[in-house]
Each structure stands twice: as C-alpha cells, then as structure tokens.
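Visitor: Got structure_36.pdb for you, PDB, C-alpha atoms:
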```pdb
MODEL        1
ATOM      1  CA  MET A  29     -76.722 -11.101  13.297
ATOM      2  CA  PRO A  30     -73.431 -10.213  11.551
ATOM      3  CA  LEU A  31     -73.601  -7.686   8.789
ATOM      4  CA  PHE A  32     -71.269  -9.432   6.307
ATOM      5  CA  GLY A  33     -71.583 -13.060   7.290
ATOM      6  CA  ASN A  34     -69.910 -15.459   9.677
ATOM      7  CA  THR A  35     -66.386 -15.196  11.056
ATOM      8  CA  PHE A  36     -63.383 -15.580   8.765
ATOM      9  CA  SER A  37     -62.729 -19.202   7.700
ATOM     10  CA  PRO A  38     -60.212 -19.742   4.878
ATOM     11  CA  LYS A  39     -60.514 -22.621   2.463
ATOM     12  CA  LYS A  40     -58.215 -25.548   3.037
ATOM     13  CA  THR A  41     -55.341 -25.880   0.566
ATOM     14  CA  PRO A  42     -55.165 -29.072  -1.476
ATOM     15  CA  PRO A  43     -52.305 -31.453  -0.554
ATOM     16  CA  ARG A  44     -49.162 -31.412  -2.702
ATOM     17  CA  LYS A  45     -48.761 -34.130  -5.251
ATOM     18  CA  SER A  46     -45.042 -34.801  -4.788
ATOM     19  CA  ALA A  47     -42.018 -33.049  -3.279
ATOM     20  CA  SER A  48     -39.897 -33.634  -6.365
ATOM     21  CA  LEU A  49     -40.304 -35.569  -9.545
ATOM     22  CA  SER A  50     -36.523 -35.724  -9.990
ATOM     23  CA  ASN A  51     -34.352 -38.534  -8.673
ATOM     24  CA  LEU A  52     -31.263 -36.253  -8.399
ATOM     25  CA  HIS A  53     -31.723 -35.921  -4.638
ATOM     26  CA  SER A  54     -30.985 -39.619  -4.258
ATOM     27  CA  LEU A  55     -27.593 -39.356  -6.037
ATOM     28  CA  ASP A  56     -24.372 -38.879  -4.081
ATOM     29  CA  ARG A  57     -22.384 -35.661  -4.430
ATOM     30  CA  SER A  58     -19.742 -36.873  -6.907
ATOM     31  CA  THR A  59     -22.374 -38.311  -9.257
ATOM     32  CA  ARG A  60     -24.377 -35.078  -9.099
ATOM     33  CA  GLU A  61     -21.254 -33.057  -9.937
ATOM     34  CA  VAL A  62     -20.581 -35.237 -12.967
ATOM     35  CA  GLU A  63     -24.218 -35.219 -14.100
ATOM     36  CA  LEU A  64     -24.832 -31.500 -13.561
ATOM     37  CA  GLY A  65     -21.384 -30.244 -14.485
ATOM     38  CA  LEU A  66     -20.578 -28.726 -11.096
ATOM     39  CA  ASP A  67     -16.895 -29.688 -11.191
ATOM     40  CA  TYR A  68     -15.359 -26.366 -12.221
ATOM     41  CA  GLY A  69     -11.722 -27.165 -11.461
ATOM     42  CA  THR A  70      -9.333 -24.628  -9.968
ATOM     43  CA  PRO A  71     -10.068 -20.946 -10.616
ATOM     44  CA  THR A  72      -7.555 -19.323 -12.946
ATOM     45  CA  MET A  73      -6.964 -15.781 -14.135
ATOM     46  CA  ASN A  74      -4.569 -13.904 -16.354
ATOM     47  CA  LEU A  75      -3.032 -10.627 -15.137
ATOM     48  CA  ALA A  76      -0.525  -8.739 -17.259
ATOM     49  CA  GLY A  77       0.406 -11.865 -19.191
ATOM     50  CA  GLN A  78       0.931 -13.904 -15.988
ATOM     51  CA  SER A  79      -1.391 -16.880 -15.553
ATOM     52  CA  LEU A  80      -2.390 -17.559 -11.937
ATOM     53  CA  LYS A  81      -4.404 -20.367 -10.348
ATOM     54  CA  PHE A  82      -6.004 -20.564  -6.907
ATOM     55  CA  GLU A  83      -4.815 -23.540  -4.867
ATOM     56  CA  ASN A  84      -4.987 -24.142  -1.124
ATOM     57  CA  GLY A  85      -6.156 -20.606  -0.397
ATOM     58  CA  GLN A  86      -3.398 -18.824  -2.364
ATOM     59  CA  TRP A  87      -2.883 -17.577  -5.893
ATOM     60  CA  ILE A  88       0.034 -19.441  -7.472
ATOM     61  CA  ALA A  89       1.682 -18.753 -10.822
ATOM     62  CA  ASP A  90       1.103 -21.531 -13.332
ATOM     63  CA  THR A  91       4.243 -23.523 -13.993
ATOM     64  CA  GLY A  92       5.573 -22.927 -17.430
ATOM     65  CA  ILE A  93       8.722 -21.902 -19.242
ATOM     66  CA  SER A  94       8.930 -18.516 -17.536
ATOM     67  CA  ALA A  95       7.786 -19.733 -14.112
ATOM     68  CA  GLY A  96      11.363 -20.398 -12.957
ATOM     69  CA  VAL A  97      12.411 -16.919 -13.989
ATOM     70  CA  ASP A  98       9.382 -15.405 -12.273
ATOM     71  CA  ARG A  99      10.040 -17.428  -9.111
ATOM     72  CA  ARG A 100      13.654 -16.209  -8.993
ATOM     73  CA  GLU A 101      12.502 -12.652  -9.596
ATOM     74  CA  ALA A 102       9.951 -12.993  -6.789
ATOM     75  CA  GLN A 103      12.648 -14.289  -4.424
ATOM     76  CA  ARG A 104      14.939 -11.402  -5.383
ATOM     77  CA  LEU A 105      12.137  -8.920  -4.789
ATOM     78  CA  ARG A 106      11.345 -10.499  -1.409
ATOM     79  CA  ARG A 107      14.999 -10.206  -0.339
ATOM     80  CA  ARG A 108      15.110  -6.578  -1.521
ATOM     81  CA  ASN A 109      11.848  -5.867   0.275
ATOM     82  CA  GLN A 110      13.284  -7.383   3.478
ATOM     83  CA  GLN A 111      16.424  -5.248   3.150
ATOM     84  CA  LEU A 112      14.367  -2.097   2.625
ATOM     85  CA  GLU A 113      12.173  -2.893   5.625
ATOM     86  CA  GLU A 114      15.263  -3.349   7.807
ATOM     87  CA  GLU A 115      16.731  -0.087   6.512
ATOM     88  CA  ASN A 116      13.417   1.658   7.131
ATOM     89  CA  ASN A 117      13.329   0.357  10.723
ATOM     90  CA  LEU A 118      16.904   1.564  11.278
ATOM     91  CA  LEU A 119      16.084   5.013   9.906
ATOM     92  CA  ARG A 120      12.992   5.245  12.123
ATOM     93  CA  LEU A 121      15.144   4.374  15.123
ATOM     94  CA  LYS A 122      17.646   7.074  14.156
ATOM     95  CA  VAL A 123      14.862   9.640  13.778
ATOM     96  CA  ASP A 124      13.510   8.714  17.223
ATOM     97  CA  ILE A 125      16.977   9.111  18.754
ATOM     98  CA  LEU A 126      17.486  12.471  17.034
ATOM     99  CA  LEU A 127      14.085  13.693  18.245
ATOM    100  CA  ASP A 128      14.966  12.644  21.793
ATOM    101  CA  MET A 129      18.272  14.492  21.535
ATOM    102  CA  LEU A 130      16.521  17.575  20.156
ATOM    103  CA  SER A 131      13.934  17.610  22.930
ATOM    104  CA  GLU A 132      16.661  17.167  25.567
ATOM    105  CA  THR A 133      18.711  20.018  24.091
ATOM    106  CA  THR A 134      15.635  22.228  23.860
ATOM    107  CA  ALA A 135      14.761  21.552  27.499
ATOM    108  CA  GLU A 136      18.333  22.370  28.571
ATOM    109  CA  SER A 137      18.254  25.566  26.511
ATOM    110  CA  HIS A 138      14.990  26.675  28.159
ATOM    111  CA  LEU A 139      16.463  25.972  31.611
ATOM    112  CA  MET A 140      19.578  27.978  30.761
ATOM    113  CA  GLU A 141      17.489  30.894  29.480
ATOM    114  CA  LYS A 142      15.405  30.824  32.628
ATOM    115  CA  GLU A 143      18.563  30.771  34.769
ATOM    116  CA  LEU A 144      20.042  33.618  32.739
ATOM    117  CA  ASP A 145      16.865  35.695  33.172
ATOM    118  CA  GLU A 146      16.975  35.078  36.928
ATOM    119  CA  LEU A 147      20.648  36.097  37.098
ATOM    120  CA  ARG A 148      19.893  39.257  35.104
ATOM    121  CA  SER A 149      17.035  40.157  37.418
ATOM    122  CA  VAL A 150      19.256  39.551  40.491
ATOM    123  CA  SER A 151      22.064  41.660  39.002
ATOM    124  CA  ARG A 152      19.605  44.487  38.245
ATOM    125  CA  ARG A 153      18.390  44.452  41.855
ATOM    126  CA  ARG A 154      21.938  44.843  43.108
ATOM    127  CA  LYS A 155      22.556  47.926  40.993
TER     128      LYS A 155
ENDMDL
END
```
Represent the supplied structure as structure tokens.
Guide:
Amino acid sequence: MPLFGNTFSPKKTPPRKSASLSNLHSLDRSTREVELGLDYGTPTMNLAGQSLKFENGQWIADTGISAGVDRREAQRLRRRNQQLEEENNLLRLKVDILLDMLSETTAESHLMEKELDELRSVSRRRK
C-alpha cells in the first residue's frame, strides 16, 4: 500500500483548437511583403555629409551633383595609394639589402678580428 497514492499519471492536455487563425501563411512572399510592410528598400546611411547606399554587397556613394567629384577624388586617392604602396615595397627591399650587407660586413669584421688575434698570439709565441 503506497503512502501517497498510486504512481504518477499526468492529466492529458486538451487538443489545440487551431494552428493559426490568420490566413497570412497562405499568401506568397511578395504579397506578404506588401501587406506587412517588409519591403525596406536598400539600406542607406549618411557619414560626414556623404550619403551611401548598400548594393550588391558594397557601400556605394549615392549619385548626385558631387558624386562625379567624389568619384574622381577616390580614383586619385587610389592611384596615390598604389604609388605609396609601390614606394613602400621598394624601401622595404632596400632595407633588406642594407641589412644583408651589414650582416655580411659584420661577419667579415669578426673573421678579421679573429685572424688578427691569432696572428698576435703567434707573434707573441715567437718572441
């Protein structure tokens, strides 16, 4: 005889009345976007007076009166950036060459000092 009654038996839950009372699930995507206002358009933002919009995975300046000027300025800056990168690569190459020359000269200097020390020790033995 159990102390608190029979084994655990939960009550059955009542069946649901309906999955949805709305007929929006039967509409196609374009109709739902129009009905619910989900068509946001392209994202736009304004940074430092420049209006940008997001198209095809990139931020593009909105075309306007100053867009041609900005496009030319961007091209000029790209060319200047390319020139500076090439100059930077050349300077890095020069630094590498100078470091190689320095290490070679240092190695030769150490060999000469070692040779000189050996010659001094030999000349001291003779005396």
Visitor: Record the distance separating atom CA of A:Arg106 and atom CA of A:Leu119, expressed in Å with one decimal.
Guide: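 Interatomic distance here is 19.8 Å.
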Visitor: Report, in Å to a single decimal, how far apart atom CA of A:Trp87 and atom CA of A:Glu101 are.
Guide: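 Pair atom CA of A:Glu101 / atom CA of A:Trp87 returns 16.6 Å.
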Visitor: Just to confirm, what's the straight-line distance from atom CA of A:Gln111 to atom CA of A:Arg99 in Å (one decimal)?
Guide: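 Between these atoms lies a distance of 18.4 Å.
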Visitor: Give as a list of chain:residue names the set of residues within 9 Å of the point (1.0, -15.9, -18.7), where distances use the file's coordinates and all atoms listed in the file.
Guide: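 So the residues meeting the distance criterion are A:Asn74, A:Leu75, A:Ala76, A:Gly77, A:Gln78, A:Ser79, A:Leu80, A:Ala89, A:Asp90, A:Gly92, A:Ser94.
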